[in-house]
file target_30.txt (compact mmCIF, C-alpha atoms)
# COMPACT_ATOMS: atom_id res chain seq x y z
CA MET A 5 3.53 -8.80 -22.85
CA LEU A 6 5.57 -11.56 -21.23
CA ASN A 7 7.01 -14.69 -22.75
CA VAL A 8 7.57 -17.49 -20.27
CA THR A 9 9.55 -20.61 -21.05
CA LYS A 10 10.23 -23.43 -18.62
CA LYS A 11 12.91 -26.10 -18.71
CA ASN A 12 13.35 -28.83 -16.14
CA ASP A 13 16.80 -30.36 -15.93
CA LYS A 14 17.86 -32.77 -13.16
CA GLY A 15 15.69 -31.17 -10.51
CA THR A 16 16.37 -27.58 -11.52
CA MET A 17 13.49 -25.76 -13.20
CA THR A 18 14.68 -22.75 -15.18
CA VAL A 19 11.96 -20.19 -15.93
CA THR A 20 12.95 -17.62 -18.54
CA LEU A 21 11.06 -14.32 -18.42
CA ASP A 22 11.05 -12.07 -21.49
CA GLY A 23 9.06 -8.82 -21.38
CA ARG A 24 7.12 -7.00 -18.67
CA LEU A 25 5.82 -8.59 -15.48
CA ASP A 26 2.78 -6.46 -14.62
CA ASN A 27 -0.73 -7.11 -13.35
CA THR A 28 -1.93 -8.90 -16.46
CA THR A 29 1.21 -10.92 -17.12
CA SER A 30 1.62 -11.79 -13.44
CA MET A 31 -1.62 -13.79 -13.71
CA GLN A 32 -0.15 -15.54 -16.75
CA LEU A 33 3.07 -16.35 -14.84
CA GLU A 34 1.10 -17.51 -11.81
CA SER A 35 -0.83 -19.88 -14.02
CA GLU A 36 2.41 -21.18 -15.58
CA LEU A 37 3.74 -21.87 -12.08
CA ASN A 38 0.68 -23.80 -11.00
CA ASP A 39 2.27 -27.07 -12.06
CA SER A 40 3.52 -29.60 -9.59
CA PHE A 41 7.03 -29.00 -8.29
CA ASP A 42 7.56 -32.62 -7.23
CA GLY A 43 11.21 -33.49 -7.65
CA VAL A 44 12.21 -29.87 -8.21
CA SER A 45 14.90 -28.79 -5.77
CA ALA A 46 15.59 -25.38 -7.34
CA VAL A 47 13.58 -22.87 -9.37
CA VAL A 48 15.83 -20.44 -11.26
CA PHE A 49 14.32 -17.39 -12.93
CA ASP A 50 16.40 -16.11 -15.84
CA CYS A 51 15.58 -12.39 -15.98
CA HIS A 52 18.03 -11.31 -18.67
CA ASP A 53 15.13 -10.11 -20.86
CA LEU A 54 12.80 -8.99 -18.07
CA GLN A 55 12.29 -5.24 -18.59
CA TYR A 56 9.95 -4.29 -15.75
CA VAL A 57 8.29 -5.79 -12.70
CA SER A 58 5.33 -4.21 -10.88
CA SER A 59 4.17 -4.91 -7.32
CA ALA A 60 1.72 -7.46 -8.71
CA GLY A 61 4.65 -9.18 -10.40
CA LEU A 62 6.69 -9.18 -7.19
CA ARG A 63 3.71 -10.81 -5.49
CA VAL A 64 4.12 -13.87 -7.75
CA PHE A 65 7.65 -14.44 -6.40
CA LEU A 66 6.37 -14.15 -2.81
CA SER A 67 3.52 -16.50 -3.55
CA LEU A 68 5.91 -19.09 -5.02
CA GLN A 69 8.27 -18.68 -2.06
CA LYS A 70 5.36 -19.42 0.28
CA LYS A 71 4.33 -22.44 -1.79
CA LEU A 72 7.82 -23.94 -2.01
CA ARG A 73 9.08 -23.11 1.50
CA GLY A 74 11.22 -26.00 2.72
CA GLN A 75 10.92 -27.82 -0.60
CA SER A 76 12.78 -25.88 -3.30
CA GLU A 77 15.26 -23.03 -3.44
CA ILE A 78 14.28 -19.99 -5.53
CA ARG A 79 16.92 -17.94 -7.35
CA ILE A 80 16.33 -14.87 -9.49
CA THR A 81 19.26 -14.47 -11.84
CA ARG A 82 20.69 -12.19 -14.58
CA VAL A 83 18.71 -9.19 -13.38
CA SER A 84 19.17 -5.92 -15.33
CA GLU A 85 20.03 -2.64 -13.59
CA ASP A 86 16.49 -1.25 -13.98
CA VAL A 87 14.81 -4.31 -12.51
CA MET A 88 17.50 -4.59 -9.80
CA ASP A 89 16.60 -1.05 -8.76
CA ILE A 90 13.04 -2.27 -8.07
CA PHE A 91 14.26 -5.33 -6.15
CA GLU A 92 16.49 -3.07 -4.04
CA VAL A 93 13.94 -0.36 -3.22
CA THR A 94 11.32 -2.98 -2.28
CA GLY A 95 13.74 -4.90 -0.06
CA PHE A 96 13.40 -8.06 -2.16
CA VAL A 97 17.20 -8.33 -2.20
CA ASP A 98 16.92 -9.24 1.51
CA ILE A 99 13.96 -11.59 1.05
CA LEU A 100 14.96 -13.65 -2.01
CA ASN A 101 18.19 -14.86 -3.56
CA ILE A 102 18.73 -12.33 -6.38
CA GLU A 103 21.74 -12.11 -8.69
CA ARG A 104 22.59 -9.13 -10.85
CA GLU A 105 23.31 -9.46 -14.59
CA GLY A 106 26.96 -10.08 -15.48
CA MET B 26 -4.14 24.66 -11.66
CA ALA B 27 -7.28 26.69 -12.18
CA GLY B 28 -10.42 26.58 -10.08
CA LYS B 29 -11.00 26.34 -6.37
CA TYR B 30 -7.96 24.17 -5.67
CA ASP B 31 -4.31 25.29 -5.74
CA THR B 32 -2.70 21.85 -5.95
CA ASP B 33 -3.80 18.68 -7.67
CA VAL B 34 -2.56 16.04 -5.25
CA ALA B 35 -1.10 16.07 -1.74
CA LEU B 36 0.63 12.99 -0.34
CA LEU B 37 1.28 12.10 3.28
CA SER B 38 3.69 9.56 4.71
CA VAL B 39 4.96 8.86 8.21
CA THR B 40 7.89 6.48 8.54
CA THR B 41 11.32 6.84 6.96
CA THR B 42 10.64 3.69 4.92
CA GLU B 43 7.46 5.26 3.55
CA PHE B 44 9.27 8.52 2.83
CA LYS B 45 11.98 6.67 0.86
CA ALA B 46 9.30 4.94 -1.21
CA VAL B 47 7.61 8.27 -1.96
CA THR B 48 10.89 9.79 -3.12
CA HIS B 49 11.49 6.89 -5.52
CA PHE B 50 8.60 7.82 -7.79
CA HIS B 51 9.18 11.51 -8.57
CA ASP B 52 11.89 14.13 -8.86
CA TRP B 53 11.04 16.09 -5.70
CA LYS B 54 12.25 19.51 -4.63
CA ALA B 55 12.19 20.51 -0.95
CA LYS B 56 10.06 23.53 -0.07
CA THR B 57 10.06 25.41 3.22
CA LEU B 58 7.74 28.20 4.29
CA THR B 59 8.23 31.11 6.67
CA ASN B 60 6.96 30.36 10.19
CA ASP B 61 6.46 26.64 9.46
CA ASP B 62 8.97 23.99 10.53
CA GLN B 63 7.45 21.37 8.22
CA ILE B 64 9.51 20.45 5.16
CA TYR B 65 7.31 19.94 2.10
CA ASP B 66 8.38 18.27 -1.14
CA VAL B 67 6.97 19.43 -4.45
CA ALA B 68 6.94 17.75 -7.84
CA THR B 69 4.88 17.54 -11.00
CA PHE B 70 3.37 14.75 -13.07
CA GLU B 71 1.73 14.63 -16.46
CA ARG B 72 -1.89 13.76 -16.98
CA ASP B 73 -3.36 13.76 -20.50
CA GLY B 74 -0.65 16.15 -21.69
CA LYS B 75 -1.18 18.59 -18.82
CA VAL B 76 1.27 19.28 -16.02
CA CYS B 77 -0.26 18.60 -12.60
CA SER B 78 1.09 19.60 -9.20
CA LEU B 79 2.06 17.28 -6.37
CA VAL B 80 3.10 18.07 -2.80
CA HIS B 81 4.23 15.72 -0.06
CA ALA B 82 4.64 16.05 3.69
CA LYS B 83 6.22 13.54 6.03
CA ILE B 84 4.42 13.40 9.37
CA ALA B 85 6.93 13.72 12.22
CA GLU B 86 5.60 10.87 14.36
CA MET B 87 3.20 7.95 14.15
CA GLY B 88 -0.33 8.26 15.48
CA MET B 89 -3.48 10.26 14.96
CA THR B 90 -2.49 13.53 16.66
CA ALA B 91 0.50 14.31 14.44
CA ALA B 92 -1.36 13.02 11.39
CA ALA B 93 -4.33 15.33 11.96
CA VAL B 94 -2.14 18.38 12.52
CA THR B 95 0.07 17.74 9.48
CA ALA B 96 -2.89 16.91 7.24
CA THR B 97 -4.67 20.11 8.28
CA LYS B 98 -1.56 22.25 7.69
CA LEU B 99 -1.04 20.60 4.30
CA ILE B 100 -4.64 21.24 3.30
CA TYR B 101 -4.76 24.90 4.34
CA THR B 102 -1.31 25.68 2.91
CA PHE B 103 -1.62 23.96 -0.47
CA ARG B 104 -5.40 23.54 -0.97
CA PRO B 105 -5.14 20.18 -2.75
CA ARG B 106 -7.94 18.52 -4.68
CA TYR B 107 -6.90 15.12 -3.31
CA ILE B 108 -5.05 14.23 -0.14
CA ILE B 109 -3.69 10.70 -0.33
CA MET B 110 -2.05 8.94 2.58
CA VAL B 111 0.39 6.24 1.50
CA GLY B 112 2.32 3.76 3.59
CA ILE B 113 2.19 0.53 5.50
CA ALA B 114 -0.57 -1.20 7.44
CA ALA B 115 -1.33 -4.50 9.06
CA GLY B 116 -3.44 -6.81 6.97
CA VAL B 117 -6.18 -8.28 9.10
CA ALA B 118 -8.66 -9.69 6.62
CA LYS B 119 -9.86 -13.17 7.34
CA THR B 120 -9.32 -15.53 4.42
CA GLU B 121 -13.08 -15.94 3.95
CA ILE B 122 -13.23 -12.20 3.15
CA ALA B 123 -10.01 -11.72 1.19
CA GLU B 124 -6.73 -13.59 0.83
CA GLN B 125 -4.08 -11.00 1.54
CA MET B 126 -0.33 -11.20 1.04
CA TYR B 127 2.53 -8.89 1.90
CA GLY B 128 2.49 -5.86 -0.40
CA ASP B 129 -1.23 -6.06 -1.16
CA VAL B 130 -2.85 -2.64 -1.21
CA ILE B 131 -5.78 -1.76 1.05
CA VAL B 132 -7.99 1.10 -0.14
CA PRO B 133 -10.70 1.72 2.45
CA ASP B 134 -14.18 3.05 1.77
CA VAL B 135 -14.51 3.79 5.48
CA VAL B 136 -11.98 4.35 8.25
CA TRP B 137 -12.89 3.85 11.89
CA ASN B 138 -11.26 4.50 15.24
CA TYR B 139 -11.34 1.29 17.27
CA SER B 140 -9.37 2.65 20.22
CA SER B 141 -11.95 5.16 21.36
CA GLY B 142 -13.95 4.01 24.39
CA LYS B 143 -13.98 3.62 28.13
CA PHE B 144 -12.07 1.24 30.43
CA VAL B 145 -14.41 -0.18 33.06
CA SER B 146 -14.67 -3.20 35.34
CA PRO B 147 -15.17 -6.49 33.45
CA ASP B 148 -18.79 -6.95 34.59
CA LYS B 149 -19.77 -3.66 32.91
CA ALA B 150 -18.05 -4.33 29.60
CA ASN B 151 -18.69 -6.29 26.45
CA ILE B 152 -14.96 -6.58 25.70
CA VAL B 153 -12.93 -8.15 28.49
CA TYR B 154 -9.16 -8.46 28.85
CA GLY B 155 -8.56 -10.42 32.08
CA ASN B 156 -9.51 -8.07 34.91
CA LEU B 157 -10.12 -5.13 32.59
CA GLY B 158 -13.25 -4.31 30.65
CA PHE B 159 -13.60 -2.02 27.66
CA LEU B 160 -16.70 -0.27 26.37
CA PRO B 161 -16.00 0.69 22.76
CA ARG B 162 -17.23 4.01 21.41
CA SER B 163 -15.89 3.74 17.92
CA THR B 164 -16.31 6.54 15.44
CA SER B 165 -15.99 6.39 11.67
CA GLU B 166 -15.34 8.60 8.66
CA GLU B 167 -16.30 7.72 5.12
CA ILE B 168 -14.33 8.25 1.97
CA PRO B 169 -16.55 10.60 -0.12
CA GLU B 170 -18.96 8.40 -2.06
CA GLU B 171 -18.37 10.17 -5.38
CA ILE B 172 -14.78 8.88 -5.48
CA VAL B 173 -15.41 5.26 -4.43
CA PRO B 174 -16.38 4.11 -7.97
CA TYR B 175 -13.03 5.43 -9.26
CA LEU B 176 -11.21 3.52 -6.54
CA LEU B 177 -13.09 0.33 -7.39
CA LYS B 178 -12.39 0.87 -11.07
CA ALA B 179 -8.66 1.19 -10.29
CA ILE B 180 -8.68 -1.94 -8.13
CA GLU B 181 -10.38 -3.98 -10.85
CA SER B 182 -8.45 -2.55 -13.80
CA GLU B 183 -5.97 -4.72 -15.72
CA ASP B 184 -3.61 -1.71 -15.74
CA ASN B 185 -3.46 -1.66 -11.95
CA PRO B 186 0.17 -2.42 -11.07
CA CYS B 187 -0.74 -3.92 -7.68
CA HIS B 188 -3.01 -6.44 -6.04
CA ALA B 189 -5.56 -4.31 -4.17
CA HIS B 190 -8.56 -4.77 -1.85
CA MET B 191 -11.31 -2.44 -0.63
CA GLY B 192 -12.61 -2.69 2.93
CA PRO B 193 -12.79 -0.82 6.22
CA MET B 194 -9.51 0.39 7.76
CA ALA B 195 -9.35 0.18 11.55
CA CYS B 196 -7.28 2.93 13.11
CA GLY B 197 -5.91 3.08 16.63
CA GLY B 198 -3.23 4.64 18.76
CA SER B 199 -1.03 1.57 19.23
CA VAL B 200 0.84 -0.95 17.13
CA VAL B 201 -1.09 -4.23 17.37
CA ALA B 202 0.61 -7.63 17.57
CA SER B 203 -2.19 -9.60 19.19
CA GLN B 204 -4.79 -11.86 17.63
CA GLU B 205 -6.88 -11.53 20.81
CA LEU B 206 -7.17 -7.76 20.39
CA LEU B 207 -8.07 -8.17 16.74
CA GLU B 208 -10.84 -10.61 17.53
CA LYS B 209 -12.28 -8.74 20.50
CA GLN B 210 -11.87 -5.12 19.51
CA VAL B 211 -11.65 -5.02 15.71
CA TYR B 212 -13.57 -7.90 14.12
CA SER B 213 -16.32 -7.70 16.74
CA GLN B 214 -17.18 -4.17 15.55
CA TYR B 215 -16.40 -4.33 11.78
CA HIS B 216 -16.17 -8.01 10.89
CA ASN B 217 -14.92 -7.23 7.36
CA THR B 218 -12.07 -4.94 8.41
CA ALA B 219 -9.36 -5.17 5.75
CA GLY B 220 -6.48 -3.39 7.46
CA LEU B 221 -5.18 -1.74 10.58
CA ASP B 222 -3.12 1.43 10.89
CA MET B 223 -2.46 4.39 13.16
CA GLU B 224 -3.21 7.51 11.09
CA SER B 225 -5.90 7.01 8.44
CA TYR B 226 -8.83 8.09 10.62
CA ALA B 227 -7.11 11.38 11.48
CA VAL B 228 -6.31 12.19 7.84
CA VAL B 229 -9.83 11.46 6.60
CA TYR B 230 -11.33 13.34 9.56
CA ALA B 231 -9.17 16.40 8.80
CA ALA B 232 -10.11 16.35 5.10
CA ASN B 233 -13.82 15.88 5.78
CA HIS B 234 -14.03 18.66 8.38
CA VAL B 235 -11.83 21.52 7.13
CA SER B 236 -13.46 24.59 5.63
CA ASP B 237 -14.20 24.57 1.90
CA PRO B 238 -12.77 23.73 -0.54
CA LYS B 239 -12.45 20.34 1.09
CA PRO B 240 -10.00 17.90 -0.47
CA ILE B 241 -11.03 14.35 -1.23
CA PRO B 242 -9.21 12.02 1.16
CA ILE B 243 -7.93 8.67 -0.07
CA ILE B 244 -6.03 6.10 1.97
CA VAL B 245 -3.66 3.75 0.16
CA LYS B 246 -1.83 1.47 2.55
CA SER B 247 -0.18 -1.87 1.92
CA VAL B 248 0.16 -4.97 4.04
CA CYS B 249 3.52 -5.31 5.80
CA ASP B 250 2.44 -7.75 8.52
CA PHE B 251 -0.67 -9.34 9.97
CA ALA B 252 -0.88 -7.72 13.44
CA ASP B 253 -0.04 -11.00 15.15
CA SER B 254 2.87 -12.38 17.13
CA LYS B 255 4.77 -13.14 13.88
CA LYS B 256 4.96 -9.40 13.16
CA SER B 257 8.30 -8.38 11.56
CA ASP B 258 9.78 -5.52 9.56
CA ASP B 259 10.89 -7.70 6.61
CA TYR B 260 8.16 -6.56 4.20
CA GLN B 261 7.85 -2.88 5.14
CA ARG B 262 9.86 -1.64 2.14
CA PHE B 263 7.79 -3.68 -0.30
CA ALA B 264 4.54 -2.51 1.31
CA ALA B 265 5.61 1.14 1.26
CA TYR B 266 6.64 0.81 -2.39
CA SER B 267 3.41 -0.87 -3.55
CA SER B 268 1.24 1.73 -1.79
CA CYS B 269 3.11 4.52 -3.60
CA GLU B 270 2.91 2.64 -6.90
CA PHE B 271 -0.86 2.28 -6.57
CA ALA B 272 -1.30 5.92 -5.48
CA LYS B 273 0.68 7.05 -8.53
CA TYR B 274 -1.50 4.90 -10.75
CA LEU B 275 -4.59 6.53 -9.20
CA TYR B 276 -3.56 10.13 -9.82
CA GLU B 277 -1.82 9.56 -13.13
CA LYS B 278 -4.51 7.37 -14.71
CA VAL B 279 -7.79 7.12 -12.82
CA LEU B 280 -8.92 10.02 -10.62
CA PRO B 281 -10.73 12.95 -12.26
CA MET B 282 -8.15 15.70 -12.65
CA GLY B 283 -7.93 19.22 -14.03
CA ASP B 284 -11.16 20.68 -15.34
CA ASP B 285 -13.15 17.41 -15.37
CA GLU B 286 -15.16 18.14 -12.21
call {"tool": "encode", "arguments": {"input": "target_30.txt", "output": "structure tokens"}}
result
Amino acid sequence: MLNVTKKNDKGTMTVTLDGRLDNTTSMQLESELNDSFDGVSAVVFDCHDLQYVSSAGLRVFLSLQKKLRGQSEIRITRVSEDVMDIFEVTGFVDILNIEREG
Amino acid sequence: MAGKYDTDVALLSVTTTEFKAVTHFHDWKAKTLTNDDQIYDVATFERDGKVCSLVHAKIAEMGMTAAAVTATKLIYTFRPRYIIMVGIAAGVAKTEIAEQMYGDVIVPDVVWNYSSGKFVSPDKANIVYGNLGFLPRSTSEEIPEEIVPYLLKAIESEDNPCHAHMGPMACGGSVVASQELLEKQVYSQYHNTAGLDMESYAVVYAANHVSDPKPIPIIVKSVCDFADSKKSDDYQRFAAYSSCEFAKYLYEKVLPMGDDE
């Protein structure tokens, strides 16, 4: 299960992820991110309560990066140790802007 | 395990990136054997409350020759029920067949060797590269048909941790970074080819042609580039990881295991 909340403030869209980002919930997140990003200069994922991300979940970040290339910056923030381990082993730390919790 | 097999699952990888991804998913212990310079890694996993055995071997170099030798040694030494090759591949599917992204898993139902053939003068060939002609003599090996429904079930399952596709895997002796070669030598023979690698044909050939009990070969490779001039290494770690994640899902959740023949 994944709870997704979005807040748009002065061109920065903050997407809060709470739960597990797996195959099923990645489709849910993808659908949530289908909106227009007109006027959005930065998309910030708050991952404080993200417990797990599968390869299908990682694919959503790549898909968004492809969609927003040259338009908006993507930042993945407040990442827990367990999820950071996945970002490190997959090389995502060299592909996206990812910030550890704390 | 009981029965005609000695090991439940054998894994094969080639590159250091693939090896690192394999090691991430289990608590492996190195195993060496007298008169064999190959280092094997052994581990266990649980399936329906039973402990199952897992062995891994890293192939020393890329390409079909080393892959065939290592796969054969692994099969005869450990007698696995399944031999699964994990790792990275080039995604080559055209968008009208499947929209692929980096990290997407390719699980072939057939693997074929596109590099087998004869170089001739251009007027005697149906594939022409400038002043050189090529007469393809491709050969193919099929994944045993009894396991394909399980692979499809895994691909379509909501529990599947990855985005996966099924389609032919083209295998050849060289790294490909040319759209021209893809069009002339790959798509012209199997228009729905889903991926391109350098070992899968050898592994499936070894599994299908050893003496009984034959293991069931499965190829699980993920897209790290698209075999074109934009080829880079940026997504190799993600691709290696997703292939191992899908393979683990297969043997821990989907493939018949233990006594369920």
call {"tool": "atom_distance", "arguments": {"input": "target_30.txt", "atom1": "CA of Asp258 in chain B", "atom2": "CA of Gly88 in chain B"}}
result
18.1 Å
call {"tool": "closest_residue", "arguments": {"input": "target_30.txt", "among": "A:Glu92, A:Glu85, A:Glu34, A:Asp53", "to": "chain B", "atoms": "all atoms listed in the file"}}
result
A:Glu92
call {"tool": "atom_distance", "arguments": {"input": "target_30.txt", "atom1": "CA of Lys14 in chain A", "atom2": "CA of His52 in chain A"}}
result
22.2 Å
call {"tool": "interface_residues", "arguments": {"input": "target_30.txt", "of": "chain B", "to": "chain A", "cutoff": "7 Å", "atoms": "all atoms listed in the file", "output": "compact mmCIF listing (two decimals) with C-alpha atoms, in the coordinates of the input"}}
result
# COMPACT_ATOMS: atom_id res chain seq x y z
CA GLU B 183 -5.97 -4.72 -15.72
CA ASP B 184 -3.61 -1.71 -15.74
CA ASN B 185 -3.46 -1.66 -11.95
CA PRO B 186 0.17 -2.42 -11.07
CA CYS B 187 -0.74 -3.92 -7.68
CA HIS B 188 -3.01 -6.44 -6.04
CA ARG B 262 9.86 -1.64 2.14
CA PHE B 263 7.79 -3.68 -0.30
CA TYR B 266 6.64 0.81 -2.39
CA SER B 267 3.41 -0.87 -3.55
call {"tool": "atom_distance", "arguments": {"input": "target_30.txt", "atom1": "CA of Gln75 in chain A", "atom2": "CA of Thr18 in chain A"}}
result
15.9 Å
call {"tool": "closest_atom_pairs", "arguments": {"input": "target_30.txt", "of": "range 101-184 of chain B", "to": "range 39-54 of chain B", "cutoff": "10 Å", "atoms": "only C-alpha atoms", "output": "CSV"}}
result
residue,atom,partner,partner_atom,distance
B:Met110,CA,B:Val39,CA,9.0
B:Val111,CA,B:Glu43,CA,7.4
B:Gly112,CA,B:Glu43,CA,5.4
B:Ile113,CA,B:Glu43,CA,7.3
call {"tool": "closest_residue", "arguments": {"input": "target_30.txt", "among": "A:Ile102, A:Leu72, A:Leu6, A:Val87", "to": "Phe41 in chain A", "atoms": "all atoms listed in the file"}}
result
A:Leu72
call {"tool": "residues_around", "arguments": {"input": "target_30.txt", "residues": "Ile131 in chain B", "least_positions_apart": "2", "cutoff": "6 Å", "atoms": "all atoms listed in the file", "output": "ChimeraX atom specification"}}
result
/B:189-191,245-247
call {"tool": "residues_around", "arguments": {"input": "target_30.txt", "residues": "Phe103 in chain B", "least_positions_apart": "6", "cutoff": "12 Å", "atoms": "all atoms listed in the file", "output": "list in words"}}
result
Met26, Lys29, Tyr30, Asp31, Thr32, Asp33, Val34, Ala35, Leu36, Lys56, Leu58, Tyr65, Asp66, Val67, Ser78, Leu79, Val80, His81, Ala82, Thr95, Ala96, Thr97, Pro238, Lys239 and Pro240 of chain B
call {"tool": "residues_around", "arguments": {"input": "target_30.txt", "residues": "Lys209 in chain B", "least_positions_apart": "5", "cutoff": "9 Å", "atoms": "all atoms listed in the file", "output": "list in words"}}
result
Ile152, Val153, Tyr154, Gln204 and Gln214 of chain B
call {"tool": "residues_around", "arguments": {"input": "target_30.txt", "residues": "Leu177 in chain B", "least_positions_apart": "2", "cutoff": "10 Å", "atoms": "all atoms listed in the file", "output": "ChimeraX atom specification"}}
result
/B:132,134,172-175,179-182,189-191
call {"tool": "write_last_selection", "arguments": {"input": "target_30.txt", "atoms": "C-alpha atoms", "output": "compact mmCIF listing (two decimals), in the frame of the given file"}}
result
# COMPACT_ATOMS: atom_id res chain seq x y z
CA VAL B 132 -7.99 1.10 -0.14
CA ASP B 134 -14.18 3.05 1.77
CA ILE B 172 -14.78 8.88 -5.48
CA VAL B 173 -15.41 5.26 -4.43
CA PRO B 174 -16.38 4.11 -7.97
CA TYR B 175 -13.03 5.43 -9.26
CA ALA B 179 -8.66 1.19 -10.29
CA ILE B 180 -8.68 -1.94 -8.13
CA GLU B 181 -10.38 -3.98 -10.85
CA SER B 182 -8.45 -2.55 -13.80
CA ALA B 189 -5.56 -4.31 -4.17
CA HIS B 190 -8.56 -4.77 -1.85
CA MET B 191 -11.31 -2.44 -0.63
call {"tool": "axis_aligned_box", "arguments": {"input": "target_30.txt", "around": "range 81-98 of chain B", "padding_each_side": "5 Å", "output": "JSON"}}
result
{"center_x": 1.1, "center_y": 15.1, "center_z": 8.3, "size_x": 21.6, "size_y": 24.3, "size_z": 26.7}
call {"tool": "residues_around", "arguments": {"input": "target_30.txt", "residues": "Lys143 in chain B", "least_positions_apart": "5", "cutoff": "9 Å", "atoms": "all atoms listed in the file", "output": "PyMOL selection string"}}
result
chain B and resi 158-162
call {"tool": "write_last_selection", "arguments": {"input": "target_30.txt", "atoms": "C-alpha atoms", "output": "CSV table (one decimal), in the coordinates of the input"}}
result
chain,number,residue,atom,x,y,z
B,158,GLY,CA,-13.2,-4.3,30.6
B,159,PHE,CA,-13.6,-2.0,27.7
B,160,LEU,CA,-16.7,-0.3,26.4
B,161,PRO,CA,-16.0,0.7,22.8
B,162,ARG,CA,-17.2,4.0,21.4
